[in-house]
file protein-v2.cif (mmCIF, C-alpha atoms)
data_start
loop_
_atom_site.label_atom_id
_atom_site.label_comp_id
_atom_site.auth_asym_id
_atom_site.auth_seq_id
_atom_site.Cartn_x
_atom_site.Cartn_y
_atom_site.Cartn_z
CA MET K 26 35.84 28.67 100.48
CA LYS K 27 35.64 30.75 97.28
CA LYS K 28 38.20 28.44 95.67
CA LEU K 29 36.09 25.44 96.67
CA PHE K 30 32.98 26.91 95.07
CA LEU K 31 34.99 27.76 91.97
CA LEU K 32 36.26 24.19 91.66
CA ILE K 33 32.75 22.82 92.14
CA GLY K 34 31.45 25.19 89.47
CA ILE K 35 34.11 24.10 87.02
CA ALA K 36 33.36 20.44 87.72
CA LEU K 37 29.63 20.95 87.23
CA SER K 38 30.29 22.87 84.03
CA GLY K 39 32.37 19.97 82.75
CA LEU K 40 29.59 17.52 83.59
CA SER K 41 27.11 19.72 81.75
CA LEU K 42 29.26 19.83 78.63
CA SER K 43 29.73 16.07 78.78
CA ALA K 44 25.99 15.55 79.10
CA GLN K 45 25.42 17.66 76.00
CA LYS K 46 27.62 15.53 73.78
CA GLN K 47 25.75 13.92 70.91
CA ALA K 48 26.02 10.53 69.28
CA ILE K 49 25.69 10.99 65.52
CA LYS K 50 24.47 8.37 63.04
CA LEU K 51 24.96 9.20 59.37
CA ILE K 52 23.73 7.67 56.14
CA TYR K 53 25.57 9.17 53.15
CA ILE K 54 23.46 8.94 49.98
CA GLY K 55 25.14 9.62 46.65
CA ASP K 56 26.79 8.41 43.49
CA SER K 57 30.34 7.35 42.58
CA ILE K 58 31.86 10.42 44.23
CA THR K 59 30.29 9.46 47.55
CA ALA K 60 31.25 5.82 46.97
CA GLY K 61 34.89 6.82 46.49
CA ALA K 62 35.23 5.55 42.92
CA LEU K 63 38.80 5.30 41.57
CA LEU K 64 40.36 5.74 45.02
CA ASP K 65 42.92 3.13 46.06
CA ASP K 66 41.03 2.32 49.26
CA PRO K 67 37.50 3.76 49.44
CA ALA K 68 36.97 2.14 52.83
CA THR K 69 39.49 4.58 54.31
CA GLN K 70 39.63 7.38 51.71
CA ALA K 71 36.06 8.04 50.53
CA PRO K 72 34.49 11.40 51.47
CA PRO K 73 32.04 9.87 54.01
CA VAL K 74 34.98 8.39 55.92
CA LYS K 75 36.75 11.74 56.03
CA ALA K 76 33.59 13.67 56.92
CA SER K 77 32.84 11.30 59.78
CA HIS K 78 36.42 11.50 61.03
CA TYR K 79 36.23 15.30 60.99
CA LEU K 80 33.02 15.24 63.00
CA GLN K 81 34.46 12.82 65.54
CA GLN K 82 37.17 15.37 66.36
CA GLN K 83 34.76 18.21 67.07
CA PRO K 84 33.66 19.44 70.52
CA GLY K 85 30.29 18.12 71.63
CA ILE K 86 30.41 14.99 69.47
CA ASP K 87 30.47 11.80 71.50
CA SER K 88 30.54 9.24 68.69
CA VAL K 89 29.98 8.99 64.94
CA ARG K 90 28.69 5.91 63.17
CA PHE K 91 28.02 5.95 59.45
CA VAL K 92 27.10 3.94 56.37
CA ASN K 93 28.25 4.85 52.86
CA GLN K 94 25.33 4.44 50.46
CA GLY K 95 27.12 5.86 47.43
CA HIS K 96 26.43 3.96 44.19
CA SER K 97 28.34 4.60 40.97
CA GLY K 98 26.25 5.95 38.12
CA PHE K 99 23.10 6.42 40.21
CA THR K 100 20.61 9.25 39.85
CA THR K 101 17.72 10.41 42.01
CA VAL K 102 15.61 8.03 39.93
CA ASP K 103 17.60 5.07 41.26
CA PHE K 104 16.99 6.16 44.87
CA LEU K 105 13.23 6.66 44.61
CA PRO K 106 11.11 4.95 47.28
CA GLY K 107 9.88 1.52 46.25
CA GLY K 108 13.12 0.53 44.57
CA ALA K 109 15.78 -1.91 45.74
CA THR K 110 18.33 0.83 46.40
CA PHE K 111 15.97 2.80 48.62
CA ALA K 112 15.18 -0.40 50.53
CA THR K 113 18.91 -0.86 51.13
CA VAL K 114 19.20 2.71 52.41
CA GLU K 115 16.31 2.17 54.80
CA LYS K 116 17.76 -1.12 56.02
CA SER K 117 21.05 0.63 56.83
CA ALA K 118 19.17 3.44 58.58
CA ALA K 119 17.09 0.98 60.61
CA ASP K 120 20.24 -0.83 61.74
CA LEU K 121 21.89 2.42 62.83
CA ASN K 122 18.71 3.73 64.39
CA ALA K 123 18.59 0.79 66.79
CA GLU K 124 21.39 2.54 68.70
CA PRO K 125 21.12 5.84 70.60
CA GLY K 126 21.89 9.08 68.79
CA VAL K 127 20.72 11.52 66.14
CA LEU K 128 20.06 10.02 62.70
CA ILE K 129 21.11 12.20 59.76
CA PHE K 130 20.83 11.52 56.04
CA SER K 131 23.50 13.40 54.06
CA ILE K 132 22.62 13.56 50.36
CA MET K 133 24.65 14.61 47.35
CA LEU K 134 23.01 13.64 44.08
CA GLY K 135 22.77 15.38 40.72
CA THR K 136 25.90 14.61 38.71
CA ASN K 137 24.36 11.66 36.90
CA ASP K 138 20.94 13.31 36.73
CA SER K 139 22.54 16.10 34.74
CA ALA K 140 23.97 13.82 32.03
CA MET K 141 22.70 14.23 28.49
CA LYS K 142 22.34 10.45 28.18
CA GLY K 143 23.69 7.21 29.56
CA THR K 144 22.31 7.22 33.14
CA ASN K 145 18.92 6.23 34.52
CA GLY K 146 16.39 8.92 33.64
CA ALA K 147 18.92 11.27 32.07
CA PRO K 148 18.59 14.03 31.31
CA VAL K 149 16.62 14.80 34.48
CA ALA K 150 15.04 18.24 34.21
CA PRO K 151 15.31 20.52 37.27
CA GLN K 152 11.64 20.16 38.18
CA ASP K 153 11.88 16.35 38.01
CA TYR K 154 15.15 16.30 39.94
CA ILE K 155 13.60 18.33 42.76
CA GLN K 156 10.43 16.25 42.77
CA ASN K 157 12.55 13.09 43.04
CA LEU K 158 14.55 14.57 45.93
CA LYS K 159 11.33 15.55 47.68
CA GLU K 160 9.90 12.04 47.35
CA ILE K 161 13.08 10.54 48.77
CA ILE K 162 13.23 13.01 51.65
CA ASP K 163 9.53 12.82 52.51
CA ARG K 164 9.68 9.05 52.77
CA LEU K 165 12.83 9.08 54.89
CA LEU K 166 11.33 11.61 57.31
CA LYS K 167 8.10 9.61 57.49
CA ASP K 168 9.80 6.27 58.10
CA PHE K 169 12.35 7.67 60.56
CA PRO K 170 10.61 10.22 62.81
CA GLY K 171 13.13 12.45 64.51
CA SER K 172 15.69 12.07 61.73
CA TYR K 173 17.17 14.92 59.69
CA VAL K 174 18.25 15.43 56.08
CA ILE K 175 21.14 17.53 54.83
CA ILE K 176 21.46 18.26 51.09
CA ASN K 177 24.90 19.08 49.72
CA LEU K 178 25.25 20.76 46.35
CA PRO K 179 26.84 18.48 43.73
CA LEU K 180 30.34 19.08 42.39
CA TRP K 181 31.76 20.76 39.31
CA TYR K 182 33.00 18.55 36.49
CA SER K 183 34.85 19.51 33.34
CA PRO K 184 32.59 20.40 30.38
CA ASN K 185 34.17 17.71 28.19
CA THR K 186 33.20 14.91 30.57
CA CYS K 187 32.13 11.92 28.50
CA ASN K 188 32.74 8.35 29.64
CA GLY K 189 30.07 5.65 29.65
CA ALA K 190 27.60 8.54 29.90
CA GLU K 191 27.64 11.87 28.06
CA TYR K 192 27.69 15.05 30.17
CA LEU K 193 29.52 17.87 28.35
CA GLN K 194 28.66 21.56 28.73
CA GLU K 195 24.94 20.91 28.48
CA GLY K 196 25.15 18.60 31.46
CA LEU K 197 27.23 21.03 33.50
CA ASP K 198 24.71 23.79 32.81
CA ARG K 199 21.87 21.51 33.86
CA LEU K 200 23.72 20.54 37.03
CA GLN K 201 23.95 24.19 38.06
CA SER K 202 20.27 24.69 37.28
CA TYR K 203 19.53 22.38 40.23
CA PHE K 204 21.13 24.70 42.78
CA ARG K 205 18.42 27.31 43.24
CA PRO K 206 15.61 24.70 43.36
CA ILE K 207 17.56 22.82 46.04
CA ARG K 208 17.63 25.96 48.18
CA THR K 209 13.93 26.51 47.60
CA LEU K 210 13.15 22.92 48.51
CA VAL K 211 15.04 23.23 51.79
CA ASN K 212 13.24 26.47 52.65
CA ASN K 213 9.87 24.83 52.03
CA TYR K 214 10.35 22.32 54.84
CA ILE K 215 8.83 24.35 57.64
CA GLN K 216 9.30 21.55 60.20
CA HIS K 217 13.05 22.36 60.20
CA ARG K 218 14.23 18.80 59.60
CA VAL K 219 15.84 19.49 56.22
CA PHE K 220 18.95 21.64 55.86
CA LEU K 221 21.23 22.94 53.15
CA GLY K 222 24.68 21.46 53.65
CA ASP K 223 27.85 22.24 51.72
CA THR K 224 27.71 24.92 49.03
CA GLN K 225 31.44 25.61 48.72
CA ALA K 226 32.90 22.47 47.17
CA PHE K 227 31.59 23.19 43.65
CA GLY K 228 33.69 26.35 43.35
CA TYR K 229 36.64 24.77 45.14
CA PHE K 230 36.91 21.90 42.68
CA LYS K 231 36.25 24.15 39.70
CA THR K 232 39.27 26.24 40.72
CA ASN K 233 41.51 23.35 41.81
CA TYR K 234 40.44 20.58 39.43
CA GLN K 235 43.97 19.87 38.16
CA THR K 236 45.23 19.02 41.65
CA LYS K 237 42.07 17.76 43.39
CA LEU K 238 40.29 15.78 40.65
CA ARG K 239 41.62 12.73 38.86
CA PRO K 240 42.34 13.04 35.11
CA GLU K 241 40.42 10.42 33.14
CA GLU K 242 40.46 9.56 29.47
CA GLY K 243 37.11 9.81 27.73
CA HIS K 244 35.50 10.18 24.32
CA GLN K 245 36.17 13.95 24.35
CA GLY K 246 39.73 13.83 25.71
CA THR K 247 40.99 14.08 29.29
CA PHE K 248 38.19 14.99 31.65
CA TYR K 249 37.87 15.68 35.39
CA LEU K 250 35.00 14.29 37.44
CA HIS K 251 36.08 12.19 40.44
CA PRO K 252 38.14 13.51 43.36
CA ASN K 253 41.60 12.05 43.85
CA LYS K 254 42.82 11.05 47.31
CA ASP K 255 43.47 14.65 48.42
CA GLY K 256 40.27 15.89 46.81
CA ALA K 257 38.18 13.21 48.52
CA ALA K 258 39.69 14.21 51.87
CA ASP K 259 38.91 17.86 51.19
CA LEU K 260 35.35 17.05 50.15
CA GLY K 261 34.90 15.09 53.36
CA VAL K 262 35.95 18.13 55.36
CA PHE K 263 33.53 20.34 53.41
CA TRP K 264 30.70 17.96 54.29
CA GLY K 265 31.88 17.54 57.87
CA LYS K 266 32.04 21.29 58.45
CA ALA K 267 28.57 21.82 57.00
CA ILE K 268 27.10 19.04 59.13
CA TYR K 269 28.85 20.25 62.27
CA GLN K 270 27.67 23.82 61.74
CA ILE K 271 24.09 22.54 61.73
CA ILE K 272 24.67 20.33 64.77
CA SER K 273 26.45 23.02 66.79
CA SER K 274 23.73 25.56 66.00
CA GLY K 275 21.36 23.57 68.20
CA LYS K 276 18.87 22.98 65.37
CA LEU K 277 18.89 19.21 65.86
CA LYS K 278 16.68 18.44 68.85
#
call {"tool": "encode", "arguments": {"input": "protein-v2.cif", "output": "structure tokens"}}
result
Amino acid sequence: MKKLFLLIGIALSGLSLSAQKQAIKLIYIGDSITAGALLDDPATQAPPVKASHYLQQQPGIDSVRFVNQGHSGFTTVDFLPGGATFATVEKSAADLNAEPGVLIFSIMLGTNDSAMKGTNGAPVAPQDYIQNLKEIIDRLLKDFPGSYVIINLPLWYSPNTCNGAEYLQEGLDRLQSYFRPIRTLVNNYIQHRVFLGDTQAFGYFKTNYQTKLRPEEGHQGTFYLHPNKDGAADLGVFWGKAIYQIISSGKLK
């Protein structure tokens, strides 16, 4: 009889775990890094693909559906509500939201905002960058009640980066000046629908840029900005781990 009760308990436990599994719906918002620029096959190699694949393998995740809304060269200015790009993001979110599951917006923007010149709005000062992010997030949360936003810190790039836009050391310094305001912004959302995502990839790519970023020829010599195939896969795992940590913590209701 004890064995019977034990077997029943195990079966009920299994049913409980199954019932707790979550369907995840992700919209990845970003620039060329998110889009998978310079990769041979972004449809299978871009960071959002790898992040979603990582999540699909984790306990408690039933299914993962996602849309890659990475756009090369774009800044927070390009994603502001009222513009065509924001409308595209919302259309993708509405399509995903028609299905059951938790809707999450994963954002990594800032590289192009930090440029000295050559991108929309550049250079974007820290206070303007944060205000832009807040406008984007506030509108997403308003239009999609019950959704969540995760902000990932942008990546390191070499201080001689200069292609169609000019970044250089000034841009890299400005990029890092966004980090503390991002943390403050997240902490100011008392409704607990906005979270800080990955914070590790910046240092990882700074240390491993010769093997994880693609060398590109620019106006100031060979520079490093975009992840190569291995780097894109690693970035996807960084994002996936950050997202899963938030999901598994029970903070998404």
call {"tool": "resolve_selection", "arguments": {"input": "protein-v2.cif", "expression": "the PyMOL selection byres ((chain K and resi 217) around 12)", "output": "VMD selection string"}}
result
chain K and resid 166 171 to 175 210 to 216 218 to 221 271 275 to 278
call {"tool": "closest_atom_pairs", "arguments": {"input": "protein-v2.cif", "of": "range 65-146 of chain K", "to": "range 245-258 of chain K", "cutoff": "6 Å", "atoms": "all atoms listed in the file", "output": "Markdown table"}}
result
| residue | atom | partner | partner_atom | distance |
| --- | --- | --- | --- | --- |
| K:Ala71 | CA | K:Ala257 | CA | 5.9 |
| K:Pro72 | CA | K:Ala257 | CA | 5.1 |
| K:Lys75 | CA | K:Ala258 | CA | 5.7 |
call {"tool": "closest_residue", "arguments": {"input": "protein-v2.cif", "among": "K:Glu160, K:Asp120, K:Asp138, K:Asp259", "to": "Leu200 in chain K", "atoms": "all atoms listed in the file"}}
result
K:Asp138
call {"tool": "closest_residue", "arguments": {"input": "protein-v2.cif", "among": "K:Thr144, K:Asn185, K:Gln225, K:Ser202", "to": "Pro240 in chain K", "atoms": "only C-alpha atoms"}}
result
K:Asn185
call {"tool": "residues_around", "arguments": {"input": "protein-v2.cif", "residues": "Leu128 in chain K", "least_positions_apart": "4", "cutoff": "8 Å", "atoms": "all atoms listed in the file", "output": "short mmCIF file (atom, residue, chain, number, x, y, z; two decimals) with C-alpha atoms, keeping the file's coordinate frame"}}
result
data_model
loop_
_atom_site.label_atom_id
_atom_site.label_comp_id
_atom_site.auth_asym_id
_atom_site.auth_seq_id
_atom_site.Cartn_x
_atom_site.Cartn_y
_atom_site.Cartn_z
CA ILE K 49 25.69 10.99 65.52
CA LYS K 50 24.47 8.37 63.04
CA LEU K 51 24.96 9.20 59.37
CA ILE K 52 23.73 7.67 56.14
CA ALA K 118 19.17 3.44 58.58
CA LEU K 121 21.89 2.42 62.83
CA ASN K 122 18.71 3.73 64.39
CA GLY K 171 13.13 12.45 64.51
CA SER K 172 15.69 12.07 61.73
CA TYR K 173 17.17 14.92 59.69
#
call {"tool": "closest_residue", "arguments": {"input": "protein-v2.cif", "among": "K:Ile54, K:Ile268, K:Leu180, K:Leu158", "to": "Glu115 in chain K", "atoms": "only C-alpha atoms"}}
result
K:Ile54
call {"tool": "resolve_selection", "arguments": {"input": "protein-v2.cif", "expression": "the PyMOL selection byres ((chain K and resi 196) around 10)", "output": "PDB file with C-alpha atoms, keeping the file's coordinate frame"}}
result
ATOM      1  CA  THR K 136      25.900  14.610  38.710  1.00  0.00           C
ATOM      2  CA  ASN K 137      24.360  11.660  36.900  1.00  0.00           C
ATOM      3  CA  ASP K 138      20.940  13.310  36.730  1.00  0.00           C
ATOM      4  CA  SER K 139      22.540  16.100  34.740  1.00  0.00           C
ATOM      5  CA  ALA K 140      23.970  13.820  32.030  1.00  0.00           C
ATOM      6  CA  MET K 141      22.700  14.230  28.490  1.00  0.00           C
ATOM      7  CA  LYS K 142      22.340  10.450  28.180  1.00  0.00           C
ATOM      8  CA  ALA K 147      18.920  11.270  32.070  1.00  0.00           C
ATOM      9  CA  PRO K 148      18.590  14.030  31.310  1.00  0.00           C
ATOM     10  CA  VAL K 149      16.620  14.800  34.480  1.00  0.00           C
ATOM     11  CA  TYR K 182      33.000  18.550  36.490  1.00  0.00           C
ATOM     12  CA  SER K 183      34.850  19.510  33.340  1.00  0.00           C
ATOM     13  CA  PRO K 184      32.590  20.400  30.380  1.00  0.00           C
ATOM     14  CA  ASN K 185      34.170  17.710  28.190  1.00  0.00           C
ATOM     15  CA  THR K 186      33.200  14.910  30.570  1.00  0.00           C
ATOM     16  CA  GLU K 191      27.640  11.870  28.060  1.00  0.00           C
ATOM     17  CA  TYR K 192      27.690  15.050  30.170  1.00  0.00           C
ATOM     18  CA  LEU K 193      29.520  17.870  28.350  1.00  0.00           C
ATOM     19  CA  GLN K 194      28.660  21.560  28.730  1.00  0.00           C
ATOM     20  CA  GLU K 195      24.940  20.910  28.480  1.00  0.00           C
ATOM     21  CA  LEU K 197      27.230  21.030  33.500  1.00  0.00           C
ATOM     22  CA  ASP K 198      24.710  23.790  32.810  1.00  0.00           C
ATOM     23  CA  ARG K 199      21.870  21.510  33.860  1.00  0.00           C
ATOM     24  CA  LEU K 200      23.720  20.540  37.030  1.00  0.00           C
ATOM     25  CA  GLN K 201      23.950  24.190  38.060  1.00  0.00           C
ATOM     26  CA  SER K 202      20.270  24.690  37.280  1.00  0.00           C
TER      27      SER K 202
END
call {"tool": "resolve_selection", "arguments": {"input": "protein-v2.cif", "expression": "the PyMOL selection byres ((chain K and resi 222) around 12)", "output": "NGL selection string"}}
result
:K and (129-133 or 173-179 or 204 or 207-208 or 211 or 219-221 or 223-226 or 262-272)
call {"tool": "closest_residue", "arguments": {"input": "protein-v2.cif", "among": "K:Ile86, K:Leu80, K:Leu165, K:Ala68", "to": "Lys116 in chain K", "atoms": "only C-alpha atoms"}}
result
K:Leu165
call {"tool": "atom_distance", "arguments": {"input": "protein-v2.cif", "atom1": "CA of Ala62 in chain K", "atom2": "CA of Asn157 in chain K"}}
result
23.9 Å
call {"tool": "atom_distance", "arguments": {"input": "protein-v2.cif", "atom1": "CA of Val102 in chain K", "atom2": "CA of Leu63 in chain K"}}
result
23.4 Å
call {"tool": "atom_distance", "arguments": {"input": "protein-v2.cif", "atom1": "CA of Ser117 in chain K", "atom2": "CA of Asp66 in chain K"}}
result
21.4 Å
call {"tool": "closest_residue", "arguments": {"input": "protein-v2.cif", "among": "K:His96, K:Lys46, K:Lys159, K:Arg205", "to": "Val127 in chain K", "atoms": "only C-alpha atoms"}}
result
K:Lys46
call {"tool": "closest_residue", "arguments": {"input": "protein-v2.cif", "among": "K:Leu260, K:Leu134, K:Cys187, K:Leu238", "to": "Thr100 in chain K", "atoms": "only C-alpha atoms"}}
result
K:Leu134
